[in-house]
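**Student:** Contents of target-v3.cif (mmCIF, C-alpha atoms and all ligand atoms) are below:
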```cif
data_final
#
loop_
_atom_site.label_atom_id
_atom_site.label_comp_id
_atom_site.auth_asym_id
_atom_site.auth_seq_id
_atom_site.Cartn_x
_atom_site.Cartn_y
_atom_site.Cartn_z
CA MET A 1 -12.04 -23.16 -4.92
CA THR A 2 -9.15 -25.55 -5.40
CA SER A 3 -5.69 -24.12 -5.10
CA ARG A 4 -4.06 -23.21 -8.39
CA TYR A 5 -0.55 -24.38 -9.05
CA PHE A 6 2.16 -21.75 -9.23
CA PRO A 7 5.79 -22.28 -8.19
CA ALA A 8 5.90 -19.10 -6.12
CA ARG A 9 3.66 -17.44 -3.60
CA ALA A 10 3.30 -14.36 -1.48
CA VAL A 11 2.68 -15.35 2.12
CA VAL A 12 0.74 -12.57 3.80
CA ASP A 13 0.88 -12.48 7.59
CA LEU A 14 -2.45 -11.04 8.68
CA GLY A 15 -1.19 -10.98 12.27
CA ALA A 16 1.50 -8.53 11.16
CA ILE A 17 -1.11 -6.26 9.56
CA ARG A 18 -3.18 -6.41 12.74
CA SER A 19 -0.26 -5.59 14.98
CA ASN A 20 0.98 -2.82 12.67
CA VAL A 21 -2.42 -1.15 12.79
CA THR A 22 -2.55 -1.55 16.57
CA GLU A 23 0.83 0.19 16.75
CA LEU A 24 -0.35 2.99 14.44
CA ALA A 25 -3.53 3.40 16.52
CA ARG A 26 -1.42 3.65 19.66
CA ARG A 27 0.65 6.43 18.07
CA ALA A 28 -2.47 8.22 16.85
CA ALA A 29 -4.14 8.14 20.26
CA PRO A 30 -1.34 8.38 22.82
CA SER A 31 -3.31 10.26 25.49
CA ALA A 32 -6.81 11.33 26.46
CA ASP A 33 -6.39 14.69 24.72
CA ARG A 34 -4.92 13.23 21.50
CA GLN A 35 -7.32 10.71 20.06
CA ALA A 36 -6.97 10.45 16.32
CA GLN A 37 -8.54 7.43 14.68
CA VAL A 38 -6.89 5.25 12.05
CA LEU A 39 -8.09 5.03 8.47
CA ALA A 40 -6.19 2.11 6.97
CA VAL A 41 -5.54 2.65 3.28
CA VAL A 42 -6.24 -0.54 1.34
CA LYS A 43 -6.07 0.80 -2.22
CA ALA A 44 -4.26 -1.07 -4.98
CA ASP A 45 -5.40 -4.46 -3.68
CA GLY A 46 -4.19 -3.63 -0.20
CA TYR A 47 -0.78 -2.57 -1.56
CA GLY A 48 -0.65 -5.97 -3.25
CA HIS A 49 -1.54 -7.95 -0.10
CA GLY A 50 -5.19 -8.54 -1.03
CA LEU A 51 -7.97 -5.98 -0.63
CA VAL A 52 -10.44 -7.80 1.57
CA PRO A 53 -8.05 -9.80 3.80
CA ALA A 54 -5.97 -6.66 4.39
CA ALA A 55 -9.07 -4.65 5.21
CA ARG A 56 -10.39 -7.22 7.66
CA ALA A 57 -7.01 -7.55 9.38
CA ALA A 58 -6.68 -3.77 9.63
CA VAL A 59 -10.09 -3.51 11.24
CA ALA A 60 -9.21 -6.33 13.64
CA GLY A 61 -6.09 -4.33 14.56
CA GLY A 62 -8.06 -1.22 15.42
CA ALA A 63 -8.73 0.71 12.22
CA THR A 64 -12.13 2.38 12.49
CA TRP A 65 -12.02 3.66 8.92
CA LEU A 66 -10.82 2.23 5.62
CA GLY A 67 -9.66 4.17 2.59
CA ALA A 68 -9.62 3.25 -1.08
CA ALA A 69 -8.43 5.47 -3.90
CA GLN A 70 -10.65 4.05 -6.62
CA ALA A 71 -14.43 4.00 -6.32
CA GLN A 72 -14.50 0.40 -7.53
CA GLU A 73 -12.23 -0.70 -4.69
CA ALA A 74 -14.69 0.76 -2.21
CA LEU A 75 -17.60 -1.03 -3.90
CA ASP A 76 -15.62 -4.28 -3.88
CA LEU A 77 -15.11 -3.97 -0.12
CA ARG A 78 -18.83 -3.45 0.43
CA ALA A 79 -19.68 -6.36 -1.88
CA ALA A 80 -17.43 -8.55 0.29
CA GLY A 81 -19.43 -7.57 3.34
CA VAL A 82 -16.99 -5.09 4.87
CA THR A 83 -19.15 -2.57 6.75
CA THR A 84 -16.44 -0.33 8.27
CA ARG A 85 -16.65 3.43 7.62
CA LEU A 86 -15.05 3.83 4.23
CA LEU A 87 -13.76 6.77 2.19
CA THR A 88 -12.96 6.79 -1.51
CA TRP A 89 -11.26 9.71 -3.22
CA LEU A 90 -10.36 9.18 -6.83
CA ALA A 91 -12.87 9.32 -9.61
CA ALA A 92 -13.42 10.89 -13.00
CA PRO A 93 -16.69 12.13 -14.43
CA GLY A 94 -18.99 9.16 -14.91
CA ALA A 95 -18.02 7.57 -11.58
CA PRO A 96 -20.78 5.55 -9.88
CA TYR A 97 -21.65 8.02 -7.12
CA ALA A 98 -25.20 6.69 -6.74
CA GLU A 99 -23.82 3.21 -6.13
CA LEU A 100 -21.30 4.61 -3.66
CA LEU A 101 -24.01 6.38 -1.70
CA ARG A 102 -26.23 3.29 -1.68
CA ALA A 103 -23.21 1.38 -0.37
CA ASP A 104 -22.84 3.92 2.44
CA VAL A 105 -19.39 5.07 1.30
CA ASP A 106 -18.00 8.52 2.21
CA VAL A 107 -16.90 10.40 -0.89
CA SER A 108 -14.23 12.99 -1.54
CA VAL A 109 -14.91 16.14 -3.52
CA ALA A 110 -11.89 17.75 -5.14
CA ASP A 111 -13.65 19.47 -8.03
CA VAL A 112 -16.82 21.33 -8.85
CA TRP A 113 -17.87 18.56 -11.26
CA ALA A 114 -17.57 16.04 -8.41
CA LEU A 115 -19.73 18.16 -6.12
CA ASP A 116 -22.40 18.40 -8.83
CA ALA A 117 -22.22 14.64 -9.41
CA VAL A 118 -22.53 13.87 -5.70
CA VAL A 119 -25.51 16.22 -5.35
CA ALA A 120 -27.19 14.58 -8.34
CA ALA A 121 -26.53 11.10 -6.94
CA ALA A 122 -27.86 12.09 -3.53
CA ARG A 123 -31.07 13.39 -5.12
CA GLU A 124 -31.39 10.24 -7.22
CA THR A 125 -30.89 7.85 -4.33
CA GLY A 126 -32.49 9.83 -1.53
CA ARG A 127 -29.30 9.31 0.48
CA THR A 128 -27.50 12.08 2.35
CA ALA A 129 -23.96 12.03 1.00
CA ARG A 130 -21.07 12.28 3.46
CA VAL A 131 -18.53 14.51 1.75
CA HIS A 132 -14.87 15.16 2.53
CA VAL A 133 -13.64 18.25 0.69
CA LYS A 134 -10.09 17.72 -0.51
CA VAL A 135 -7.87 20.78 -0.47
CA ASP A 136 -4.63 21.20 -2.38
CA THR A 137 -2.47 22.63 0.39
CA GLY A 138 0.66 22.33 -1.74
CA LEU A 139 0.94 18.85 -3.22
CA GLY A 140 -0.05 20.08 -6.64
CA ARG A 141 -2.14 17.04 -7.41
CA ASN A 142 -5.76 16.28 -6.57
CA GLY A 143 -7.65 18.87 -4.50
CA VAL A 144 -9.41 22.23 -4.59
CA MET A 145 -7.00 25.15 -4.74
CA PRO A 146 -7.26 27.39 -1.64
CA ASP A 147 -8.48 30.36 -3.70
CA GLU A 148 -11.40 28.29 -5.00
CA LEU A 149 -12.20 26.64 -1.70
CA GLY A 150 -14.57 29.36 -0.53
CA ASP A 151 -16.67 28.95 -3.64
CA VAL A 152 -16.77 25.14 -3.45
CA LEU A 153 -17.62 25.26 0.26
CA ALA A 154 -20.41 27.77 -0.35
CA ARG A 155 -21.97 25.43 -2.90
CA ALA A 156 -21.47 22.41 -0.67
CA VAL A 157 -23.00 24.13 2.35
CA GLN A 158 -25.95 25.24 0.22
CA ALA A 159 -26.51 21.57 -0.70
CA GLN A 160 -26.04 20.69 2.96
CA SER A 161 -28.85 23.07 3.92
CA GLU A 162 -31.06 21.24 1.41
CA GLY A 163 -30.27 17.99 3.21
CA VAL A 164 -28.61 16.23 0.26
CA LEU A 165 -25.16 16.10 1.79
CA GLU A 166 -23.11 16.74 4.90
CA VAL A 167 -19.60 18.19 4.71
CA VAL A 168 -18.10 15.84 7.30
CA GLY A 169 -14.42 16.23 6.43
CA ILE A 170 -11.71 18.55 5.25
CA TRP A 171 -8.62 16.79 4.12
CA SER A 172 -5.38 17.10 2.23
CA HIS A 173 -2.23 15.16 1.37
CA LEU A 174 1.45 15.97 1.95
CA ALA A 175 4.14 16.28 -0.71
CA LEU A 176 7.22 15.72 1.45
CA ALA A 177 6.03 13.87 4.53
CA ASP A 178 9.07 11.62 4.16
CA GLU A 179 11.23 14.68 4.95
CA PRO A 180 9.56 15.81 8.20
CA GLU A 181 11.87 18.82 8.55
CA HIS A 182 11.16 20.14 5.07
CA PRO A 183 9.56 23.61 5.22
CA SER A 184 6.79 22.51 2.87
CA VAL A 185 5.39 20.24 5.61
CA LEU A 186 4.76 23.16 7.96
CA ALA A 187 3.52 25.32 5.07
CA GLN A 188 1.00 22.63 4.12
CA ALA A 189 -0.12 22.27 7.73
CA GLU A 190 -0.74 26.01 7.94
CA ALA A 191 -2.65 26.03 4.67
CA PHE A 192 -4.65 23.09 6.04
CA ASP A 193 -5.49 24.95 9.24
CA ASP A 194 -6.71 27.87 7.12
CA ALA A 195 -8.89 25.54 5.07
CA VAL A 196 -10.40 24.02 8.21
CA ARG A 197 -11.21 27.47 9.61
CA LEU A 198 -12.77 28.47 6.30
CA ALA A 199 -14.94 25.34 6.25
CA GLU A 200 -16.09 25.82 9.82
CA ARG A 201 -16.95 29.46 9.19
CA ALA A 202 -18.83 28.45 6.04
CA GLY A 203 -21.03 26.14 8.11
CA ALA A 204 -19.52 22.68 7.65
CA HIS A 205 -20.09 20.27 10.55
CA LEU A 206 -16.66 18.73 10.46
CA GLU A 207 -16.39 15.30 11.95
CA VAL A 208 -12.85 14.61 10.77
CA ARG A 209 -9.91 16.70 9.62
CA HIS A 210 -7.18 14.54 8.13
CA LEU A 211 -3.78 15.12 6.59
CA ALA A 212 -1.30 12.46 7.73
CA ASN A 213 -0.11 9.53 5.60
CA SER A 214 2.19 6.82 7.01
CA ALA A 215 5.23 9.07 7.20
CA ALA A 216 3.39 11.83 9.06
CA THR A 217 1.67 9.29 11.31
CA LEU A 218 5.10 8.01 12.35
CA THR A 219 7.07 11.25 12.45
CA ALA A 220 4.72 14.24 12.88
CA PRO A 221 2.17 13.91 15.73
CA ARG A 222 1.23 17.57 15.22
CA LEU A 223 -0.34 16.54 11.89
CA HIS A 224 -2.55 13.75 13.20
CA TYR A 225 -5.70 15.89 13.61
CA ASP A 226 -8.78 13.59 13.98
CA LEU A 227 -7.81 10.81 11.62
CA VAL A 228 -4.55 9.46 10.22
CA ARG A 229 -4.41 7.70 6.85
CA PRO A 230 -1.50 5.25 6.84
CA GLY A 231 -1.08 2.91 3.91
CA LEU A 232 2.45 1.56 3.60
CA ALA A 233 2.97 1.28 7.35
CA VAL A 234 -0.13 -0.91 7.66
CA TYR A 235 1.81 -3.49 5.65
CA GLY A 236 4.87 -3.08 7.85
CA LEU A 237 7.16 -1.17 5.50
CA SER A 238 8.91 2.06 6.38
CA PRO A 239 7.84 5.19 4.46
CA VAL A 240 11.03 6.89 5.68
CA PRO A 241 13.79 4.31 5.07
CA ASP A 242 16.46 6.99 5.46
CA LEU A 243 15.19 7.74 8.97
CA GLY A 244 14.39 4.25 10.18
CA GLY A 245 13.38 0.73 9.22
CA PRO A 246 10.14 -1.03 10.17
CA GLY A 247 11.58 -2.27 13.45
CA ASP A 248 12.41 1.27 14.55
CA TYR A 249 8.70 2.08 14.33
CA GLY A 250 7.35 -1.15 15.80
CA LEU A 251 6.24 -2.46 12.41
CA VAL A 252 6.60 -5.91 10.87
CA PRO A 253 6.59 -6.41 7.06
CA ALA A 254 3.56 -8.56 6.30
CA MET A 255 4.53 -10.06 2.96
CA THR A 256 7.05 -12.78 2.13
CA LEU A 257 7.66 -13.59 -1.53
CA GLU A 258 9.05 -17.05 -1.98
CA ALA A 259 9.57 -19.41 -4.91
CA ARG A 260 10.69 -22.94 -5.65
CA LEU A 261 13.89 -23.37 -7.61
CA ALA A 262 12.84 -24.67 -11.02
CA THR A 263 16.26 -25.80 -12.22
CA VAL A 264 19.63 -26.23 -10.53
CA LYS A 265 22.50 -26.99 -12.91
CA ARG A 266 26.24 -26.89 -13.23
CA VAL A 267 27.81 -24.64 -15.87
CA PRO A 268 31.43 -23.96 -16.79
CA ALA A 269 33.40 -20.78 -16.17
CA GLY A 270 32.80 -18.06 -18.73
CA HIS A 271 29.16 -18.97 -19.33
CA GLY A 272 26.85 -16.05 -20.08
CA VAL A 273 23.70 -15.87 -17.98
CA SER A 274 20.27 -14.62 -19.11
CA TYR A 275 19.40 -12.12 -21.84
CA GLY A 276 22.22 -9.90 -23.00
CA HIS A 277 24.81 -11.96 -21.11
CA ARG A 278 25.21 -9.10 -18.65
CA TYR A 279 26.55 -11.65 -16.17
CA THR A 280 29.21 -14.22 -16.94
CA THR A 281 30.30 -16.98 -14.60
CA THR A 282 33.83 -16.54 -13.31
CA GLU A 283 34.31 -20.17 -12.42
CA ASP A 284 32.74 -23.57 -12.81
CA THR A 285 29.56 -22.99 -10.79
CA VAL A 286 25.94 -23.93 -10.13
CA LEU A 287 23.05 -21.81 -11.38
CA GLY A 288 19.57 -21.78 -9.87
CA VAL A 289 16.55 -20.73 -11.92
CA VAL A 290 13.89 -18.92 -9.88
CA PRO A 291 10.52 -19.01 -11.66
CA VAL A 292 9.37 -15.43 -11.10
CA GLY A 293 10.13 -12.40 -13.20
CA TYR A 294 9.02 -8.92 -14.09
CA ALA A 295 5.54 -10.17 -15.04
CA ASP A 296 5.26 -11.12 -11.38
CA GLY A 297 6.52 -7.75 -10.21
CA VAL A 298 10.22 -8.50 -9.86
CA PRO A 299 11.65 -5.23 -11.14
CA ARG A 300 13.81 -5.50 -14.25
CA HIS A 301 15.75 -2.51 -12.96
CA ALA A 302 17.08 -4.83 -10.25
CA SER A 303 18.94 -6.95 -12.82
CA GLY A 304 22.51 -7.87 -12.00
CA GLY A 305 25.31 -7.01 -14.35
CA PRO A 306 28.82 -5.76 -14.60
CA GLY A 307 29.38 -3.61 -11.52
CA THR A 308 25.80 -4.07 -10.25
CA THR A 309 24.54 -6.58 -7.76
CA GLY A 310 21.05 -7.64 -8.70
CA GLY A 311 18.10 -7.80 -6.33
CA PRO A 312 18.63 -10.15 -3.36
CA VAL A 313 17.50 -13.77 -3.11
CA ARG A 314 17.80 -15.73 0.13
CA VAL A 315 18.90 -19.31 -0.46
CA GLY A 316 19.11 -22.12 2.09
CA SER A 317 18.06 -21.85 5.71
CA GLY A 318 19.60 -21.71 9.14
CA ALA A 319 23.40 -21.82 9.20
CA THR A 320 23.67 -22.41 5.45
CA ALA A 321 21.43 -19.46 4.52
CA ARG A 322 23.01 -16.89 2.22
CA THR A 323 21.74 -13.95 0.23
CA LEU A 324 22.74 -13.77 -3.41
CA GLY A 325 22.16 -11.06 -5.99
CA VAL A 326 20.24 -11.89 -9.15
CA ALA A 327 22.73 -12.86 -11.86
CA GLY A 328 22.04 -11.01 -15.11
CA ARG A 329 18.78 -9.75 -16.46
CA VAL A 330 15.46 -10.19 -14.75
CA CYS A 331 13.27 -11.86 -17.40
CA MET A 332 9.50 -11.85 -17.74
CA ASP A 333 9.01 -15.13 -15.89
CA GLN A 334 12.31 -15.98 -14.27
CA VAL A 335 15.56 -14.85 -12.72
CA VAL A 336 18.82 -16.71 -12.24
CA VAL A 337 21.07 -16.85 -9.20
CA ASP A 338 24.66 -18.07 -9.13
CA LEU A 339 24.62 -20.52 -6.24
CA GLY A 340 28.39 -21.00 -6.30
CA PRO A 341 30.55 -24.07 -7.00
CA ALA A 342 29.77 -25.79 -3.69
CA ALA A 343 25.99 -25.39 -3.89
CA THR A 344 23.93 -28.13 -2.28
CA GLU A 345 20.55 -26.78 -3.37
CA ALA A 346 18.21 -28.84 -5.51
CA ALA A 347 15.28 -28.10 -7.76
CA GLY A 348 12.22 -27.65 -5.58
CA ASP A 349 14.03 -25.89 -2.75
CA THR A 350 12.38 -22.73 -1.54
CA VAL A 351 14.13 -19.39 -1.95
CA VAL A 352 12.94 -16.06 -0.54
CA LEU A 353 13.04 -12.82 -2.52
CA PHE A 354 11.82 -10.73 0.38
CA GLY A 355 10.22 -11.12 3.75
CA SER A 356 10.14 -9.62 7.21
CA GLY A 357 13.93 -9.41 7.39
CA ALA A 358 13.77 -10.89 10.90
CA ASP A 359 16.22 -13.66 9.98
CA GLY A 360 18.60 -11.24 8.27
CA GLY A 361 17.03 -12.06 4.91
CA PRO A 362 16.16 -9.55 2.22
CA THR A 363 13.21 -7.16 2.44
CA ALA A 364 11.00 -5.31 -0.03
CA GLN A 365 13.08 -2.25 0.85
CA ASP A 366 16.21 -4.08 -0.33
CA TRP A 367 14.52 -4.77 -3.67
CA ALA A 368 13.44 -1.15 -3.86
CA ASP A 369 17.04 -0.06 -3.28
CA ALA A 370 18.31 -2.50 -5.92
CA ALA A 371 15.78 -1.19 -8.44
CA GLY A 372 16.12 2.49 -7.60
CA THR A 373 12.52 2.77 -6.44
CA ILE A 374 10.43 2.74 -3.26
CA SER A 375 9.07 -0.26 -1.39
CA TYR A 376 5.52 0.82 -2.29
CA GLU A 377 6.24 -0.20 -5.85
CA ILE A 378 7.61 -3.61 -4.87
CA THR A 379 4.46 -4.91 -3.16
CA THR A 380 1.86 -3.07 -5.23
CA ARG A 381 3.32 -4.42 -8.47
CA LEU A 382 3.30 -8.03 -7.35
CA GLY A 383 1.71 -9.80 -10.28
CA ALA A 384 -1.85 -11.06 -10.24
CA ARG A 385 -0.69 -14.60 -11.08
CA VAL A 386 1.30 -14.92 -7.85
CA PRO A 387 -1.00 -16.61 -5.32
CA ARG A 388 -1.46 -14.84 -2.01
CA VAL A 389 -1.50 -17.26 0.88
CA TYR A 390 -2.77 -15.96 4.19
CA VAL A 391 -1.41 -16.92 7.59
CA GLY A 392 -2.20 -15.52 11.01
CA GLY A 393 -5.85 -15.19 10.06
CA PRO A 394 -8.92 -15.16 12.24
CA GLU A 395 -8.99 -18.95 12.59
CA ASP A 396 -5.85 -18.78 14.69
CA GLY A 397 -3.19 -19.47 12.12
CA ALA A 398 -5.43 -21.11 9.55
CA PRO A 399 -4.94 -19.69 6.09
CA THR A 400 -7.79 -17.71 4.57
CA GLY A 401 -8.57 -16.39 1.14
CA GLN A 402 -7.66 -17.77 -2.23
CA GLY A 403 -5.08 -20.37 -3.10
CA GLU A 404 -5.28 -21.55 0.44
CA THR A 405 -2.68 -23.92 1.63
CA SER A 406 -0.22 -23.37 4.39
CA GLU A 407 2.20 -25.76 2.68
CA PRO A 408 4.60 -24.49 0.04
CA PRO A 409 3.47 -25.31 -3.49
CA THR A 410 4.81 -28.67 -4.55
CA GLY A 411 7.53 -28.64 -7.14
CA SER A 412 6.21 -31.61 -9.06
C1 LIG B 501 -2.03 6.41 -0.76
C2 LIG B 501 -2.55 7.49 0.09
C3 LIG B 501 -2.35 7.49 1.48
C4 LIG B 501 -1.44 6.50 2.16
O1 LIG B 501 -0.10 6.86 1.88
P1 LIG B 501 1.11 6.06 2.56
O2 LIG B 501 2.30 6.86 2.21
O3 LIG B 501 1.11 4.71 1.94
O4 LIG B 501 0.84 6.00 4.00
C5 LIG B 501 -2.96 8.46 2.24
N1 LIG B 501 -3.72 9.41 1.64
C6 LIG B 501 -3.90 9.46 0.30
C7 LIG B 501 -4.72 10.54 -0.28
C8 LIG B 501 -3.33 8.52 -0.51
O5 LIG B 501 -3.51 8.57 -1.84
#
```
For the file at hand, write its structure as structure tokens.

**Tutor:**
Amino acid sequence: MTSRYFPARAVVDLGAIRSNVTELARRAAPSADRQAQVLAVVKADGYGHGLVPAARAAVAGGATWLGAAQAQEALDLRAAGVTTRLLTWLAAPGAPYAELLRADVDVSVADVWALDAVVAAARETGRTARVHVKVDTGLGRNGVMPDELGDVLARAVQAQSEGVLEVVGIWSHLALADEPEHPSVLAQAEAFDDAVRLAERAGAHLEVRHLANSAATLTAPRLHYDLVRPGLAVYGLSPVPDLGGPGDYGLVPAMTLEARLATVKRVPAGHGVSYGHRYTTTEDTVLGVVPVGYADGVPRHASGGPGTTGGPVRVGSGATARTLGVAGRVCMDQVVVDLGPAATEAAGDTVVLFGSGADGGPTAQDWADAAGTISYEITTRLGARVPRVYVGGPEDGAPTGQGETSEPPTGS
């Protein structure tokens, strides 16, 4: 496939994903008596980084399981030849359970209808389904309520005795893992322990009990059980920005979003900038047009305006590098930065919206702060038309995947 032209790209450092997972695995298995495994969550196109490259890098870093929310994501991983143990957990009636079982995917059951569908699919395919029963220990989202768990388990264990499935997991998800001291965390852990005991008494042969997302993996070792399920941290972002940044947890952000300046031009003082003229130049200055916008995932809520600094853009490099806020509204396809009267930039120069932050430049967390959201939303919303370029891949630095070139896109 030839590389497609686009004046911006997301450079994904697969080495960072590998090392992040290695760090998470070290935290999950710190001693001989605490040996949780890592299930790397690669849903939502690997949090925007690319499903298959992220999955392969996570496995290379030490993940022994992968997790995908949507059934189709799990099937896509299998179709790409990824053979790692794989769990999928979100489906509605009509989901392709038979295909999932043929593809050797572990499935979650959070509803009676799902149990019936899995049993039917197991009978149809002749496969023994590996089932993880999801319990709502307090999140109030997906999961069997504790008072219905006994009933669901009884039905599941009946099917187990008929050989159509094995209840291999009990699992749940936390509501406030990003506030480790919040009483709901302990309450959920206790409800989880009750659910595990109930399942074991009912006759489940539990292989894995799992509760921890990224935040609990990093901050609550007591909640690691047999398997931790980090997502965000795999990609090097902090799930608890108020408690610590990536570096505090040994993580490196894997994605850098960079673009070529499309236009650099001088404008007079008092010139309105972008839709609504929410920004007006205060002096004779130089504007730079950056050819990415909200269609590419740059949040419109991070527009700059009177009294608000827009989302950050790193301009220049080395000693001349500076970080500027977006001037005025974020548009569908572009944003504008005010480069200042003495700007030396030219069309074609590369600017960075976010990256690892190692050079003091902006991060996805900075964009999240500017937009009033979380860093999850910054990378997962990266638009499909932005090429992902992979570095640090298996061929020792050679790029892999689509749109492959290790050179910046040319501006001409
Ligand atoms: C998304 C998700 C995770 C990963 O959450 P992070 O906060 O990104 O670590 C874990 N478990 C479930 C059920 C999820 O939906």

**Student:** Applying 8 Å and only C-alpha atoms, which residues near Ala103 in chain A remain after dropping the ones on its own chain fewer than 2 positions away? List them as a ChimeraX atom specification.

**Tutor:** /A:75,78,99-101,105

**Student:** Determine the nearest neighbour of ligand LIG 501 (chain B) from the options A:Val11, A:Val59, A:Ala69, A:Ala199, counting all atoms listed in the file.

**Tutor:**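 Checking each candidate against ligand LIG 501 (chain B), we get A:Ala69 as the closest.
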
**Student:** Which one of A:Arg56, A:Arg141, A:Arg130, A:Arg385 sits closest to ligand LIG 501 (chain B) if you count only C-alpha atoms and all ligand atoms?

**Tutor:** A:Arg141

**Student:** Mind running chain A against ligand LIG 501 (chain B) at 9 Å and telling me each contacting residue's nearest atom pair with the distance in Å (one decimal), counting all atoms listed in the file, chain and number ascending, as CSV?

**Tutor:**
```
residue,atom,partner,partner_atom,distance
A:Leu39,CA,B:LIG501,C5,8.8
A:Ala40,CA,B:LIG501,C4,8.1
A:Val41,CA,B:LIG501,C4,5.7
A:Val42,CA,B:LIG501,C1,8.4
A:Lys43,CA,B:LIG501,C1,7.1
A:Ala44,CA,B:LIG501,C1,8.9
A:Tyr47,CA,B:LIG501,O3,8.3
A:Gly67,CA,B:LIG501,C5,8.0
A:Ala68,CA,B:LIG501,O5,8.1
A:Ala69,CA,B:LIG501,O5,6.2
A:Trp89,CA,B:LIG501,C7,7.2
A:Leu90,CA,B:LIG501,O5,8.5
A:Lys134,CA,B:LIG501,C7,9.0
A:Asn142,CA,B:LIG501,C7,8.6
A:Trp171,CA,B:LIG501,C7,8.6
A:Ser172,CA,B:LIG501,C7,7.1
A:His173,CA,B:LIG501,C7,5.5
A:Leu174,CA,B:LIG501,N1,8.4
A:Ala177,CA,B:LIG501,O2,8.3
A:Asp178,CA,B:LIG501,O2,8.5
A:His210,CA,B:LIG501,N1,9.0
A:Leu211,CA,B:LIG501,N1,7.6
A:Ala212,CA,B:LIG501,C5,7.0
A:Asn213,CA,B:LIG501,O4,4.0
A:Ser214,CA,B:LIG501,O4,3.4
A:Ala215,CA,B:LIG501,O2,6.2
A:Ala216,CA,B:LIG501,O4,8.1
A:Thr217,CA,B:LIG501,O4,8.1
A:Val228,CA,B:LIG501,C5,8.2
A:Arg229,CA,B:LIG501,C5,4.9
A:Pro230,CA,B:LIG501,O4,3.8
A:Gly231,CA,B:LIG501,O3,3.5
A:Leu232,CA,B:LIG501,O3,3.8
A:Ala233,CA,B:LIG501,O4,6.2
A:Val234,CA,B:LIG501,O4,7.9
A:Pro239,CA,B:LIG501,O2,6.2
A:Tyr376,CA,B:LIG501,O3,7.2
```

**Student:** Counting all atoms listed in the file, write as an MDAnalysis selection string all protein and nucleic acid residues lying at most 10 Å from (0.8, 23.8, 3.8) in the file's frame.

**Tutor:** chainID A and resid 136:139 172:175 183:195

**Student:** Would you export the selected residues with C-alpha atoms as a PDB file, keeping the file's coordinate frame, please?

**Tutor:**
```
ATOM      1  CA  ASP A 136      -4.630  21.200  -2.380  1.00  0.00           C
ATOM      2  CA  THR A 137      -2.470  22.630   0.390  1.00  0.00           C
ATOM      3  CA  GLY A 138       0.660  22.330  -1.740  1.00  0.00           C
ATOM      4  CA  LEU A 139       0.940  18.850  -3.220  1.00  0.00           C
ATOM      5  CA  SER A 172      -5.380  17.100   2.230  1.00  0.00           C
ATOM      6  CA  HIS A 173      -2.230  15.160   1.370  1.00  0.00           C
ATOM      7  CA  LEU A 174       1.450  15.970   1.950  1.00  0.00           C
ATOM      8  CA  ALA A 175       4.140  16.280  -0.710  1.00  0.00           C
ATOM      9  CA  PRO A 183       9.560  23.610   5.220  1.00  0.00           C
ATOM     10  CA  SER A 184       6.790  22.510   2.870  1.00  0.00           C
ATOM     11  CA  VAL A 185       5.390  20.240   5.610  1.00  0.00           C
ATOM     12  CA  LEU A 186       4.760  23.160   7.960  1.00  0.00           C
ATOM     13  CA  ALA A 187       3.520  25.320   5.070  1.00  0.00           C
ATOM     14  CA  GLN A 188       1.000  22.630   4.120  1.00  0.00           C
ATOM     15  CA  ALA A 189      -0.120  22.270   7.730  1.00  0.00           C
ATOM     16  CA  GLU A 190      -0.740  26.010   7.940  1.00  0.00           C
ATOM     17  CA  ALA A 191      -2.650  26.030   4.670  1.00  0.00           C
ATOM     18  CA  PHE A 192      -4.650  23.090   6.040  1.00  0.00           C
ATOM     19  CA  ASP A 193      -5.490  24.950   9.240  1.00  0.00           C
ATOM     20  CA  ASP A 194      -6.710  27.870   7.120  1.00  0.00           C
ATOM     21  CA  ALA A 195      -8.890  25.540   5.070  1.00  0.00           C
TER      22      ALA A 195
END
```

**Student:** Taking (-11.3, 4.6, 11.3) in the file's coordinates as the center, which residues reach within 6 Å of it, counting only C-alpha atoms, put as a list in words?

**Tutor:**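 Residues close enough to count: Gln37, Val38, Leu39, Ala63, Thr64 and Trp65 of chain A.
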
**Student:** Excluding Val352 in chain A and residues on its chain fewer than 4 positions from it, collect all residues at most 6 Å away from it, counting only C-alpha atoms, and give them as a VMD selection string.

**Tutor:** chain A and resid 257 to 258 313 to 314

**Student:** Do you have the CA of Val264 in chain A-CA of Phe6 in chain A distance handy?

**Tutor:**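 Separating CA of Val264 in chain A from CA of Phe6 in chain A is a distance of 18.1 Å.
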
**Student:** What does the distance from CA of Gly276 in chain A to CA of Arg329 in chain A come to in Å, to one decimal?

**Tutor:**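 These two atoms are separated by 7.4 Å.
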
**Student:** List the neighbours of Gly247 in chain A out to 12 Å using only C-alpha atoms; skip same-chain residues closer than 5 positions along the sequence, and give me the result as a short mmCIF file (atom, residue, chain, number, x, y, z; two decimals) with C-alpha atoms, in the frame of the given file.

**Tutor:**
```cif
data_model
loop_
_atom_site.label_atom_id
_atom_site.label_comp_id
_atom_site.auth_asym_id
_atom_site.auth_seq_id
_atom_site.Cartn_x
_atom_site.Cartn_y
_atom_site.Cartn_z
CA ASN A 20 0.98 -2.82 12.67
CA GLU A 23 0.83 0.19 16.75
CA ALA A 233 2.97 1.28 7.35
CA GLY A 236 4.87 -3.08 7.85
CA LEU A 237 7.16 -1.17 5.50
CA SER A 238 8.91 2.06 6.38
CA PRO A 241 13.79 4.31 5.07
CA VAL A 252 6.60 -5.91 10.87
CA PRO A 253 6.59 -6.41 7.06
CA SER A 356 10.14 -9.62 7.21
CA GLY A 357 13.93 -9.41 7.39
CA ALA A 358 13.77 -10.89 10.90
#
```
